[in-house]
$ cat entry36.pdb   # PDB, C-alpha atoms
MODEL        1
ATOM      1  CA  MET A   1      88.728 115.076 104.450
ATOM      2  CA  GLN A   2      89.664 116.416 101.062
ATOM      3  CA  THR A   3      92.262 113.692 100.667
ATOM      4  CA  ARG A   4      89.829 110.985 101.690
ATOM      5  CA  ARG A   5      87.304 112.184  99.122
ATOM      6  CA  ARG A   6      89.995 112.244  96.456
ATOM      7  CA  CYS A   7      90.996 108.690  97.359
ATOM      8  CA  PHE A   8      87.410 107.507  97.134
ATOM      9  CA  VAL A   9      86.905 109.111  93.718
ATOM     10  CA  THR A  10      90.133 107.584  92.410
ATOM     11  CA  LEU A  11      89.197 104.151  93.704
ATOM     12  CA  PHE A  12      85.705 104.418  92.235
ATOM     13  CA  ALA A  13      87.121 105.413  88.846
ATOM     14  CA  LEU A  14      89.516 102.479  88.879
ATOM     15  CA  VAL A  15      86.775 100.037  89.816
ATOM     16  CA  MET A  16      84.473 101.339  87.103
ATOM     17  CA  SER A  17      87.216 101.195  84.493
ATOM     18  CA  VAL A  18      87.672  97.508  85.226
ATOM     19  CA  ALA A  19      84.032  96.636  85.753
ATOM     20  CA  GLY A  20      82.750  98.627  82.780
ATOM     21  CA  PRO A  21      83.666  96.171  80.039
ATOM     22  CA  LEU A  22      81.776  93.437  81.891
ATOM     23  CA  TYR A  23      78.536  95.181  80.995
ATOM     24  CA  ALA A  24      78.880  95.734  77.283
ATOM     25  CA  GLU A  25      76.633  97.894  75.136
ATOM     26  CA  PRO A  26      74.394  96.490  72.377
ATOM     27  CA  HIS A  27      76.195  95.679  69.142
ATOM     28  CA  THR A  28      75.424  96.306  65.531
ATOM     29  CA  VAL A  29      75.590  93.430  63.092
ATOM     30  CA  TRP A  30      76.288  94.125  59.453
ATOM     31  CA  SER A  31      75.154  91.397  57.070
ATOM     32  CA  GLY A  32      75.825  91.565  53.390
ATOM     33  CA  LEU A  33      75.431  89.728  50.102
ATOM     34  CA  VAL A  34      78.681  90.299  48.242
ATOM     35  CA  MET A  35      79.496  89.546  44.623
ATOM     36  CA  ALA A  36      83.153  88.754  44.129
ATOM     37  CA  GLU A  37      84.473  89.129  40.589
ATOM     38  CA  ASN A  38      87.640  89.698  38.667
ATOM     39  CA  VAL A  39      87.402  92.873  36.613
ATOM     40  CA  ALA A  40      89.864  95.076  34.769
ATOM     41  CA  GLN A  41      89.088  98.162  36.866
ATOM     42  CA  PRO A  42      88.084  96.959  40.336
ATOM     43  CA  ALA A  43      85.996  99.301  42.435
ATOM     44  CA  PRO A  44      87.200 100.149  45.936
ATOM     45  CA  ILE A  45      86.161  97.599  48.492
ATOM     46  CA  PRO A  46      83.117  98.592  50.589
ATOM     47  CA  ARG A  47      83.906 100.133  53.962
ATOM     48  CA  GLU A  48      82.397  97.219  55.872
ATOM     49  CA  LEU A  49      84.819  94.801  54.235
ATOM     50  CA  THR A  50      88.076  96.733  54.515
ATOM     51  CA  ARG A  51      88.973  94.893  57.699
ATOM     52  CA  ILE A  52      88.950  91.533  55.906
ATOM     53  CA  GLU A  53      89.901  92.695  52.419
ATOM     54  CA  GLN A  54      93.195  90.856  52.282
ATOM     55  CA  THR A  55      91.655  87.625  53.530
ATOM     56  CA  LEU A  56      88.855  87.803  50.952
ATOM     57  CA  LYS A  57      91.298  88.390  48.117
ATOM     58  CA  GLU A  58      93.620  85.600  49.206
ATOM     59  CA  LEU A  59      90.870  83.067  49.881
ATOM     60  CA  PHE A  60      88.679  83.585  46.852
ATOM     61  CA  GLY A  61      91.088  85.051  44.316
ATOM     62  CA  TYR A  62      88.884  87.919  43.138
ATOM     63  CA  ASN A  63      89.860  91.557  42.923
ATOM     64  CA  GLN A  64      86.470  93.239  43.313
ATOM     65  CA  PHE A  65      83.882  92.805  46.033
ATOM     66  CA  GLU A  66      80.571  94.508  45.441
ATOM     67  CA  VAL A  67      77.736  94.593  47.930
ATOM     68  CA  ILE A  68      74.486  93.645  46.184
ATOM     69  CA  GLY A  69      72.386  93.506  49.321
ATOM     70  CA  GLN A  70      72.938  94.453  52.933
ATOM     71  CA  SER A  71      71.333  95.131  56.256
ATOM     72  CA  THR A  72      72.590  96.686  59.475
ATOM     73  CA  LYS A  73      70.841  95.735  62.676
ATOM     74  CA  THR A  74      71.469  96.934  66.213
ATOM     75  CA  LEU A  75      70.807  94.097  68.594
ATOM     76  CA  LYS A  76      69.178  95.146  71.849
ATOM     77  CA  SER A  77      67.506  92.020  73.129
ATOM     78  CA  GLY A  78      69.574  89.637  71.023
ATOM     79  CA  ASP A  79      66.369  88.079  69.682
ATOM     80  CA  GLU A  80      65.886  90.201  66.581
ATOM     81  CA  ASP A  81      65.701  88.918  63.022
ATOM     82  CA  TRP A  82      66.245  90.690  59.728
ATOM     83  CA  LEU A  83      66.758  90.190  56.028
ATOM     84  CA  ALA A  84      69.510  91.344  53.710
ATOM     85  CA  SER A  85      68.314  90.941  50.173
ATOM     86  CA  SER A  86      69.242  91.547  46.564
ATOM     87  CA  LYS A  87      67.066  91.081  43.512
ATOM     88  CA  TYR A  88      67.289  87.275  43.597
ATOM     89  CA  PHE A  89      68.896  86.392  46.902
ATOM     90  CA  GLY A  90      67.851  86.878  50.468
ATOM     91  CA  LEU A  91      69.877  86.302  53.625
ATOM     92  CA  HIS A  92      67.632  85.849  56.621
ATOM     93  CA  VAL A  93      69.371  86.308  59.957
ATOM     94  CA  ASP A  94      67.558  85.193  63.073
ATOM     95  CA  ALA A  95      69.319  86.089  66.326
ATOM     96  CA  ARG A  96      68.394  83.673  69.085
ATOM     97  CA  GLY A  97      70.062  85.219  72.079
ATOM     98  CA  GLU A  98      73.313  86.624  73.311
ATOM     99  CA  THR A  99      76.248  84.471  74.374
ATOM    100  CA  ALA A 100      79.322  85.399  76.379
ATOM    101  CA  ALA A 101      81.218  86.154  73.192
ATOM    102  CA  GLY A 102      78.520  87.331  70.829
ATOM    103  CA  TYR A 103      75.216  86.105  69.471
ATOM    104  CA  LEU A 104      73.634  82.837  68.509
ATOM    105  CA  VAL A 105      72.226  83.284  64.999
ATOM    106  CA  ASP A 106      70.464  81.117  62.447
ATOM    107  CA  LEU A 107      71.163  81.988  58.824
ATOM    108  CA  LYS A 108      69.204  81.038  55.750
ATOM    109  CA  LEU A 109      70.235  81.860  52.202
ATOM    110  CA  TYR A 110      67.317  82.079  49.846
ATOM    111  CA  LYS A 111      67.391  82.075  46.071
ATOM    112  CA  GLU A 112      63.977  83.472  45.378
ATOM    113  CA  ASP A 113      61.828  80.912  47.230
ATOM    114  CA  ASP A 114      64.420  78.142  47.547
ATOM    115  CA  VAL A 115      66.560  77.728  50.645
ATOM    116  CA  LEU A 116      70.074  77.091  49.373
ATOM    117  CA  LEU A 117      71.850  76.949  52.687
ATOM    118  CA  GLU A 118      71.092  76.926  56.425
ATOM    119  CA  THR A 119      73.511  77.366  59.294
ATOM    120  CA  GLU A 120      73.419  77.745  63.027
ATOM    121  CA  THR A 121      76.254  79.937  64.223
ATOM    122  CA  LYS A 122      77.781  81.448  67.327
ATOM    123  CA  LEU A 123      78.716  84.810  65.929
ATOM    124  CA  SER A 124      81.616  86.346  67.845
ATOM    125  CA  LYS A 125      82.016  90.068  68.288
ATOM    126  CA  ARG A 126      85.623  89.777  67.254
ATOM    127  CA  SER A 127      85.377  87.304  64.408
ATOM    128  CA  PRO A 128      83.606  87.997  61.099
ATOM    129  CA  LEU A 129      81.803  85.189  59.290
ATOM    130  CA  VAL A 130      82.234  84.605  55.567
ATOM    131  CA  ILE A 131      80.175  82.010  53.691
ATOM    132  CA  LYS A 132      81.029  80.919  50.204
ATOM    133  CA  GLY A 133      77.810  80.833  48.198
ATOM    134  CA  PRO A 134      77.030  79.692  44.662
ATOM    135  CA  LEU A 135      78.931  80.682  41.558
ATOM    136  CA  VAL A 136      77.085  83.449  39.751
ATOM    137  CA  GLY A 137      78.194  84.073  36.150
ATOM    138  CA  LYS A 138      81.945  84.583  36.327
ATOM    139  CA  GLY A 139      81.812  85.580  39.940
ATOM    140  CA  GLN A 140      81.054  84.191  43.338
ATOM    141  CA  LEU A 141      78.367  85.068  45.836
ATOM    142  CA  LEU A 142      79.644  85.573  49.369
ATOM    143  CA  LEU A 143      77.689  86.087  52.562
ATOM    144  CA  VAL A 144      79.407  88.206  55.200
ATOM    145  CA  LEU A 145      78.413  88.928  58.782
ATOM    146  CA  VAL A 146      80.387  91.342  60.927
ATOM    147  CA  VAL A 147      79.644  92.485  64.472
ATOM    148  CA  GLN A 148      80.572  96.135  64.583
TER     149      GLN A 148
ATOM    150  CA  MET X 149     171.463  65.144 146.747
ATOM    151  CA  LYS X 150     170.908  68.263 144.590
ATOM    152  CA  THR X 151     173.347  69.174 141.871
ATOM    153  CA  PHE X 152     174.896  72.638 141.642
ATOM    154  CA  GLU X 153     172.605  73.576 138.779
ATOM    155  CA  GLN X 154     169.516  72.602 140.777
ATOM    156  CA  LYS X 155     170.716  74.647 143.752
ATOM    157  CA  TRP X 156     171.611  77.558 141.463
ATOM    158  CA  THR X 157     168.164  77.626 139.931
ATOM    159  CA  ALA X 158     166.517  77.386 143.331
ATOM    160  CA  TRP X 159     168.777  80.195 144.631
ATOM    161  CA  LEU X 160     167.865  82.405 141.673
ATOM    162  CA  ASP X 161     164.196  81.803 142.419
ATOM    163  CA  ASN X 162     164.743  82.550 146.131
ATOM    164  CA  GLU X 163     163.633  79.074 146.986
ATOM    165  CA  LEU X 164     166.705  78.227 149.077
ATOM    166  CA  THR X 165     166.246  78.998 152.755
ATOM    167  CA  GLY X 166     168.136  78.766 156.024
ATOM    168  CA  LYS X 167     171.359  76.818 156.253
ATOM    169  CA  GLU X 168     171.062  75.438 152.718
ATOM    170  CA  ARG X 169     171.061  78.960 151.348
ATOM    171  CA  GLU X 170     174.005  80.072 153.501
ATOM    172  CA  ASP X 171     176.017  77.021 152.477
ATOM    173  CA  PHE X 172     175.274  77.602 148.766
ATOM    174  CA  GLU X 173     176.150  81.310 148.907
ATOM    175  CA  ALA X 174     179.358  80.435 150.710
ATOM    176  CA  SER X 175     180.232  77.967 147.975
ATOM    177  CA  LEU X 176     179.883  80.561 145.227
ATOM    178  CA  PRO X 177     183.275  81.525 143.811
ATOM    179  CA  ASP X 178     182.186  85.096 142.942
ATOM    180  CA  ARG X 179     179.315  86.184 145.104
ATOM    181  CA  ALA X 180     178.962  89.652 143.540
ATOM    182  CA  ALA X 181     178.732  88.245 139.998
ATOM    183  CA  ALA X 182     176.164  85.705 141.155
ATOM    184  CA  GLU X 183     174.062  88.410 142.819
ATOM    185  CA  ALA X 184     174.247  90.501 139.648
ATOM    186  CA  GLU X 185     173.132  87.532 137.598
ATOM    187  CA  LYS X 186     170.305  86.867 140.037
ATOM    188  CA  GLU X 187     169.170  90.468 139.834
ATOM    189  CA  GLY X 188     169.261  90.285 136.017
ATOM    190  CA  ALA X 189     167.253  87.082 136.048
ATOM    191  CA  HIS X 190     164.628  88.709 138.271
ATOM    192  CA  LYS X 191     164.427  91.742 135.998
ATOM    193  CA  LEU X 192     164.055  89.467 133.001
ATOM    194  CA  GLY X 193     161.306  87.531 134.760
ATOM    195  CA  ALA X 194     159.490  90.701 135.704
ATOM    196  CA  LEU X 195     159.770  91.947 132.153
ATOM    197  CA  LEU X 196     158.440  88.696 130.768
ATOM    198  CA  LYS X 197     155.543  88.726 133.224
ATOM    199  CA  GLN X 198     154.754  92.260 132.266
ATOM    200  CA  GLU X 199     154.854  91.535 128.562
ATOM    201  CA  LEU X 200     152.865  88.328 128.862
ATOM    202  CA  GLY X 201     150.238  90.134 130.938
ATOM    203  CA  ALA X 202     149.997  92.932 128.376
ATOM    204  CA  GLU X 203     149.570  90.386 125.571
ATOM    205  CA  ALA X 204     146.755  88.691 127.421
ATOM    206  CA  LEU X 205     145.045  92.029 127.929
ATOM    207  CA  HIS X 206     145.554  92.884 124.293
ATOM    208  CA  ASN X 207     143.827  89.686 123.175
ATOM    209  CA  GLU X 208     140.978  90.319 125.552
ATOM    210  CA  GLU X 209     140.429  93.747 124.099
ATOM    211  CA  PHE X 210     140.639  92.368 120.610
ATOM    212  CA  PHE X 211     137.955  89.769 121.251
ATOM    213  CA  SER X 212     135.905  92.270 123.153
ATOM    214  CA  ASN X 213     136.121  94.628 120.221
ATOM    215  CA  GLN X 214     135.110  91.835 117.844
ATOM    216  CA  ILE X 215     132.058  91.051 119.947
ATOM    217  CA  ARG X 216     131.110  94.721 120.123
ATOM    218  CA  GLU X 217     131.368  94.993 116.333
ATOM    219  CA  ARG X 218     129.189  91.935 115.868
ATOM    220  CA  ILE X 219     126.626  93.276 118.280
ATOM    221  CA  ALA X 220     126.623  96.598 116.436
ATOM    222  CA  LEU X 221     126.247  94.835 113.084
ATOM    223  CA  HIS X 222     123.390  92.747 114.420
ATOM    224  CA  GLU X 223     121.662  95.833 115.777
ATOM    225  CA  GLN X 224     122.099  97.635 112.486
ATOM    226  CA  THR X 225     120.671  94.680 110.559
ATOM    227  CA  ARG X 226     117.731  94.425 112.906
ATOM    228  CA  ARG X 227     117.006  98.119 112.694
ATOM    229  CA  SER X 228     117.259  98.242 108.896
ATOM    230  CA  GLY X 229     114.267  95.908 108.744
ATOM    231  CA  PHE X 230     112.173  98.664 110.180
ATOM    232  CA  ALA X 231     113.790 101.441 108.157
ATOM    233  CA  TRP X 232     111.251 101.405 105.305
ATOM    234  CA  PHE X 233     108.376 101.167 107.734
ATOM    235  CA  ASP X 234     109.795 104.073 109.740
ATOM    236  CA  TYR X 235     110.226 106.065 106.543
ATOM    237  CA  VAL X 236     106.686 105.331 105.441
ATOM    238  CA  ARG X 237     105.350 106.295 108.834
ATOM    239  CA  SER X 238     107.361 109.498 108.887
ATOM    240  CA  THR X 239     105.981 110.717 105.560
ATOM    241  CA  SER X 240     102.808 112.735 105.620
ATOM    242  CA  TRP X 241     100.413 110.685 103.457
ATOM    243  CA  TRP X 242     101.317 107.003 103.956
ATOM    244  CA  THR X 243      99.860 106.445 107.348
ATOM    245  CA  VAL X 244      99.008 102.943 108.510
ATOM    246  CA  PRO X 245      95.243 103.258 107.846
ATOM    247  CA  ARG X 246      95.940 104.555 104.360
ATOM    248  CA  LEU X 247      98.356 101.736 103.716
ATOM    249  CA  ALA X 248      95.655  99.304 104.787
ATOM    250  CA  LEU X 249      93.113 101.069 102.567
ATOM    251  CA  SER X 250      95.494 100.956  99.619
ATOM    252  CA  GLY X 251      96.079  97.262 100.177
ATOM    253  CA  ALA X 252      92.357  96.601 100.291
ATOM    254  CA  ALA X 253      91.851  98.632  97.109
ATOM    255  CA  ALA X 254      94.603  96.675  95.376
ATOM    256  CA  LEU X 255      92.940  93.419  96.402
ATOM    257  CA  VAL X 256      89.579  94.601  95.044
ATOM    258  CA  LEU X 257      91.197  95.605  91.751
ATOM    259  CA  PHE X 258      92.978  92.276  91.532
ATOM    260  CA  ALA X 259      89.721  90.420  92.148
ATOM    261  CA  LEU X 260      87.904  92.424  89.457
ATOM    262  CA  CYS X 261      90.709  91.871  86.961
ATOM    263  CA  ALA X 262      90.717  88.159  87.761
ATOM    264  CA  VAL X 263      86.954  87.969  87.220
ATOM    265  CA  ALA X 264      87.271  89.840  83.929
ATOM    266  CA  VAL X 265      90.061  87.585  82.702
ATOM    267  CA  LEU X 266      88.237  84.425  83.780
ATOM    268  CA  ARG X 267      85.098  85.593  82.014
ATOM    269  CA  GLU X 268      87.115  86.200  78.871
ATOM    270  CA  LYS X 269      88.929  82.868  79.080
ATOM    271  CA  ASN X 270      86.081  80.511  79.754
ATOM    272  CA  PRO X 271      85.168  79.225  76.307
ATOM    273  CA  ALA X 272      82.889  76.321  75.681
ATOM    274  CA  GLU X 273      84.595  74.212  73.066
ATOM    275  CA  GLN X 274      87.062  76.520  71.342
ATOM    276  CA  SER X 275      88.216  80.101  71.620
ATOM    277  CA  GLN X 276      85.213  82.352  71.963
ATOM    278  CA  TYR X 277      87.091  84.979  70.009
ATOM    279  CA  LEU X 278      86.187  83.013  66.921
ATOM    280  CA  THR X 279      82.797  82.629  65.333
ATOM    281  CA  GLN X 280      81.702  79.022  65.486
ATOM    282  CA  ILE X 281      79.554  77.183  62.961
ATOM    283  CA  LEU X 282      77.416  74.848  65.050
ATOM    284  CA  ASN X 283      75.851  73.161  62.038
ATOM    285  CA  ALA X 284      75.237  73.793  58.373
ATOM    286  CA  ARG X 285      73.236  72.029  55.722
ATOM    287  CA  VAL X 286      72.501  72.376  52.046
ATOM    288  CA  ASP X 287      69.282  71.303  50.411
ATOM    289  CA  PRO X 288      70.229  67.966  48.815
ATOM    290  CA  VAL X 289      67.516  68.293  46.213
ATOM    291  CA  VAL X 290      68.720  71.654  44.925
ATOM    292  CA  SER X 291      72.449  70.884  45.311
ATOM    293  CA  PRO X 292      72.999  67.125  45.541
ATOM    294  CA  ASN X 293      76.802  67.324  45.203
ATOM    295  CA  ALA X 294      77.393  70.064  47.742
ATOM    296  CA  SER X 295      80.009  69.662  50.465
ATOM    297  CA  ILE X 296      80.767  71.844  53.446
ATOM    298  CA  SER X 297      84.005  72.637  55.245
ATOM    299  CA  ILE X 298      84.792  75.117  58.005
ATOM    300  CA  PHE X 299      88.042  76.870  58.873
ATOM    301  CA  GLU X 300      89.375  80.008  60.458
ATOM    302  CA  THR X 301      92.008  82.405  59.228
ATOM    303  CA  LYS X 302      94.720  83.189  61.730
ATOM    304  CA  ASP X 303      95.421  86.784  60.822
ATOM    305  CA  ASP X 304      92.050  88.478  61.169
ATOM    306  CA  ARG X 305      90.063  85.700  62.870
ATOM    307  CA  VAL X 306      87.641  85.237  60.008
ATOM    308  CA  THR X 307      85.544  82.105  60.207
ATOM    309  CA  VAL X 308      84.820  80.699  56.768
ATOM    310  CA  LEU X 309      82.037  78.330  55.806
ATOM    311  CA  TRP X 310      83.259  76.919  52.532
ATOM    312  CA  VAL X 311      80.464  75.398  50.464
ATOM    313  CA  GLU X 312      81.411  73.562  47.309
ATOM    314  CA  GLY X 313      79.077  72.140  44.692
ATOM    315  CA  LEU X 314      76.204  74.578  44.923
ATOM    316  CA  GLN X 315      74.288  74.954  41.709
ATOM    317  CA  SER X 316      75.897  77.592  39.486
ATOM    318  CA  LEU X 317      73.692  80.476  38.441
ATOM    319  CA  PRO X 318      73.690  82.821  35.477
ATOM    320  CA  SER X 319      75.145  86.294  35.819
ATOM    321  CA  ASP X 320      71.678  87.814  36.029
ATOM    322  CA  TYR X 321      71.590  86.701  39.643
ATOM    323  CA  ALA X 322      74.326  89.188  40.466
ATOM    324  CA  ALA X 323      71.840  92.014  40.193
ATOM    325  CA  LYS X 324      71.244  94.244  43.171
TER     326      LYS X 324
ENDMDL
END

$ encode --input "entry36.pdb" --output "structure tokens"
Amino acid sequence: MQTRRRCFVTLFALVMSVAGPLYAEPHTVWSGLVMAENVAQPAPIPRELTRIEQTLKELFGYNQFEVIGQSTKTLKSGDEDWLASSKYFGLHVDARGETAAGYLVDLKLYKEDDVLLETETKLSKRSPLVIKGPLVGKGQLLLVLVVQ
Amino acid sequence: MKTFEQKWTAWLDNELTGKEREDFEASLPDRAAAEAEKEGAHKLGALLKQELGAEALHNEEFFSNQIRERIALHEQTRRSGFAWFDYVRSTSWWTVPRLALSGAAALVLFALCAVAVLREKNPAEQSQYLTQILNARVDPVVSPNASISIFETKDDRVTVLWVEGLQSLPSDYAAK
């Protein structure tokens, strides 16, 4: 009887370990407005960007990445919307439901009241999104979305 | 008319009878030597019969032994097929019902793993590990020369929307 109970518990644990990932928890999406610049004394890269630091440096050729506006949103229904904004820019993120791999999101980049850019995106949990924005002074505005 | 050699051979084999035998024995120049030779021939024949009989028996035993060995080998091979099963049955835990239960559990696990893998590997157009840009547009009035390209980096699976030709802005716009 003891052995049978032990077998059942082991089997249940194995089944749950396999079935568990099928029912994933809600995810947090970090969205940021990032100013990329070349400076003599670059500040450390923000924690949210460390994962893609090398890619950012190689792609855009800047040595400093400063977050000028950001927002972190935990998606529960997958239908939330939020805004990451700086003094002049605003990134509006409108989640329109969850997909098998992530979330369907509409993005709008505002410069004050003007919409500079619109995209419709399937944001994957495993793949960050980087958007090259306008040149600002000697730097470059980047939009970054990461599912954490 | 038989020759002497034919009669001699027949006499040695005791095949001459009656008057023919008496006439032949009477014609022998040395009867005692002939009898001795006959006795020797009989002994030799008996010896040959004995040896030939023993050889035949020896062969029979040899083949019999071969057959027995083959039968034993066949039996051993047949029994070895059940050896693992017998071992499993003789151990305390691996009884037949538990073996069946374990098999069923393995099948369930396999099915769950297969479902999980199929769910992971059922992308729509491209790998679902990558973020996909479904569409993108730039306001042509604000940025008439803008162009858009999309690519992914291999190393860290970053999807990049590369927009060229957006209106440049003064450094004041970098303010937080």

$ closest_atom_pairs --input "entry36.pdb" --of "chain X" --to "chain A" --cutoff "6 Å" --atoms "all atoms listed in the file" --output "JSON lines"
{"residue": "X:Gln276", "atom": "CA", "partner": "A:Ala101", "partner_atom": "CA", "distance": 5.7}
{"residue": "X:Tyr277", "atom": "CA", "partner": "A:Arg126", "partner_atom": "CA", "distance": 5.7}
{"residue": "X:Leu278", "atom": "CA", "partner": "A:Ser127", "partner_atom": "CA", "distance": 5.0}
{"residue": "X:Thr279", "atom": "CA", "partner": "A:Ser124", "partner_atom": "CA", "distance": 4.6}
{"residue": "X:Gln280", "atom": "CA", "partner": "A:Lys122", "partner_atom": "CA", "distance": 5.0}
{"residue": "X:Ile281", "atom": "CA", "partner": "A:Thr121", "partner_atom": "CA", "distance": 4.5}
{"residue": "X:Leu282", "atom": "CA", "partner": "A:Thr121", "partner_atom": "CA", "distance": 5.3}
{"residue": "X:Asn283", "atom": "CA", "partner": "A:Glu120", "partner_atom": "CA", "distance": 5.3}
{"residue": "X:Ala284", "atom": "CA", "partner": "A:Thr119", "partner_atom": "CA", "distance": 4.1}
{"residue": "X:Arg285", "atom": "CA", "partner": "A:Glu118", "partner_atom": "CA", "distance": 5.4}
{"residue": "X:Val286", "atom": "CA", "partner": "A:Leu117", "partner_atom": "CA", "distance": 4.7}
{"residue": "X:Asp287", "atom": "CA", "partner": "A:Leu116", "partner_atom": "CA", "distance": 5.9}
{"residue": "X:Arg305", "atom": "CA", "partner": "A:Ser127", "partner_atom": "CA", "distance": 5.2}
{"residue": "X:Val306", "atom": "CA", "partner": "A:Pro128", "partner_atom": "CA", "distance": 5.0}
{"residue": "X:Thr307", "atom": "CA", "partner": "A:Leu129", "partner_atom": "CA", "distance": 4.9}
{"residue": "X:Val308", "atom": "CA", "partner": "A:Val130", "partner_atom": "CA", "distance": 4.8}
{"residue": "X:Leu309", "atom": "CA", "partner": "A:Ile131", "partner_atom": "CA", "distance": 4.6}
{"residue": "X:Trp310", "atom": "CA", "partner": "A:Lys132", "partner_atom": "CA", "distance": 5.1}
{"residue": "X:Val311", "atom": "CA", "partner": "A:Lys132", "partner_atom": "CA", "distance": 5.6}
{"residue": "X:Leu314", "atom": "CA", "partner": "A:Pro134", "partner_atom": "CA", "distance": 5.2}
{"residue": "X:Ser316", "atom": "CA", "partner": "A:Leu135", "partner_atom": "CA", "distance": 4.8}
{"residue": "X:Leu317", "atom": "CA", "partner": "A:Val136", "partner_atom": "CA", "distance": 4.7}
{"residue": "X:Pro318", "atom": "CA", "partner": "A:Gly137", "partner_atom": "CA", "distance": 4.7}
{"residue": "X:Ser319", "atom": "CA", "partner": "A:Gly137", "partner_atom": "CA", "distance": 3.8}
{"residue": "X:Tyr321", "atom": "CA", "partner": "A:Tyr88", "partner_atom": "CA", "distance": 5.9}
{"residue": "X:Ala323", "atom": "CA", "partner": "A:Lys87", "partner_atom": "CA", "distance": 5.9}
{"residue": "X:Lys324", "atom": "CA", "partner": "A:Ile68", "partner_atom": "CA", "distance": 4.5}

$ resolve_selection --input "entry36.pdb" --expression "the PyMOL selection byres ((chain A and resi 83) around 7)" --output "PyMOL selection string"
chain A and resi 71+82+84-85+90-93

$ closest_residue --input "entry36.pdb" --among "X:Leu200, X:Val265, X:Leu257, X:Ala189" --to "Asn162 of chain X" --atoms "all atoms listed in the file"
X:Ala189

$ atom_distance --input "entry36.pdb" --atom1 "atom CA of Gly97 of chain A" --atom2 "atom CA of Ser77 of chain A"
7.3 Å

$ atom_distance --input "entry36.pdb" --atom1 "atom CA of Glu98 of chain A" --atom2 "atom CA of Val256 of chain X"
28.3 Å

$ atom_distance --input "entry36.pdb" --atom1 "atom CA of Pro177 of chain X" --atom2 "atom CA of Gly193 of chain X"
24.5 Å

$ build_atoms --input "entry36.pdb" --residues "segment 124-138 of chain A" --atoms "N, CA and C atoms" --output "mmCIF file, in the coordinates of the input"
data_model
loop_
_atom_site.group_PDB
_atom_site.id
_atom_site.type_symbol
_atom_site.label_atom_id
_atom_site.label_comp_id
_atom_site.auth_asym_id
_atom_site.auth_seq_id
_atom_site.Cartn_x
_atom_site.Cartn_y
_atom_site.Cartn_z
ATOM 1 N N SER A 124 80.797 85.635 66.861
ATOM 2 C CA SER A 124 81.616 86.346 67.845
ATOM 3 C C SER A 124 81.737 87.813 67.470
ATOM 4 N N LYS A 125 81.856 88.624 68.518
ATOM 5 C CA LYS A 125 82.016 90.068 68.288
ATOM 6 C C LYS A 125 83.345 90.378 67.622
ATOM 7 N N ARG A 126 84.280 89.487 67.762
ATOM 8 C CA ARG A 126 85.623 89.777 67.254
ATOM 9 C C ARG A 126 85.978 88.974 66.016
ATOM 10 N N SER A 127 85.034 88.204 65.500
ATOM 11 C CA SER A 127 85.377 87.304 64.408
ATOM 12 C C SER A 127 84.296 87.341 63.337
ATOM 13 N N PRO A 128 84.582 87.956 62.189
ATOM 14 C CA PRO A 128 83.606 87.997 61.099
ATOM 15 C C PRO A 128 83.339 86.595 60.540
ATOM 16 N N LEU A 129 82.175 86.460 59.924
ATOM 17 C CA LEU A 129 81.803 85.189 59.290
ATOM 18 C C LEU A 129 81.673 85.409 57.785
ATOM 19 N N VAL A 130 82.325 84.550 57.031
ATOM 20 C CA VAL A 130 82.234 84.605 55.567
ATOM 21 C C VAL A 130 81.747 83.240 55.082
ATOM 22 N N ILE A 131 80.714 83.256 54.244
ATOM 23 C CA ILE A 131 80.175 82.010 53.691
ATOM 24 C C ILE A 131 80.306 82.052 52.176
ATOM 25 N N LYS A 132 80.894 81.003 51.659
ATOM 26 C CA LYS A 132 81.029 80.919 50.204
ATOM 27 C C LYS A 132 79.718 80.382 49.621
ATOM 28 N N GLY A 133 79.084 81.199 48.803
ATOM 29 C CA GLY A 133 77.810 80.833 48.198
ATOM 30 C C GLY A 133 78.000 80.237 46.820
ATOM 31 N N PRO A 134 76.944 80.280 46.005
ATOM 32 C CA PRO A 134 77.030 79.692 44.662
ATOM 33 C C PRO A 134 77.822 80.571 43.693
ATOM 34 N N LEU A 135 78.309 79.924 42.643
ATOM 35 C CA LEU A 135 78.931 80.682 41.558
ATOM 36 C C LEU A 135 77.827 81.392 40.788
ATOM 37 N N VAL A 136 78.067 82.652 40.491
ATOM 38 C CA VAL A 136 77.085 83.449 39.751
ATOM 39 C C VAL A 136 77.810 84.073 38.560
ATOM 40 N N GLY A 137 77.483 83.590 37.336
ATOM 41 C CA GLY A 137 78.194 84.073 36.150
ATOM 42 C C GLY A 137 79.675 83.754 36.289
ATOM 43 N N LYS A 138 80.507 84.795 36.169
ATOM 44 C CA LYS A 138 81.945 84.583 36.327
ATOM 45 C C LYS A 138 82.417 84.933 37.735
#
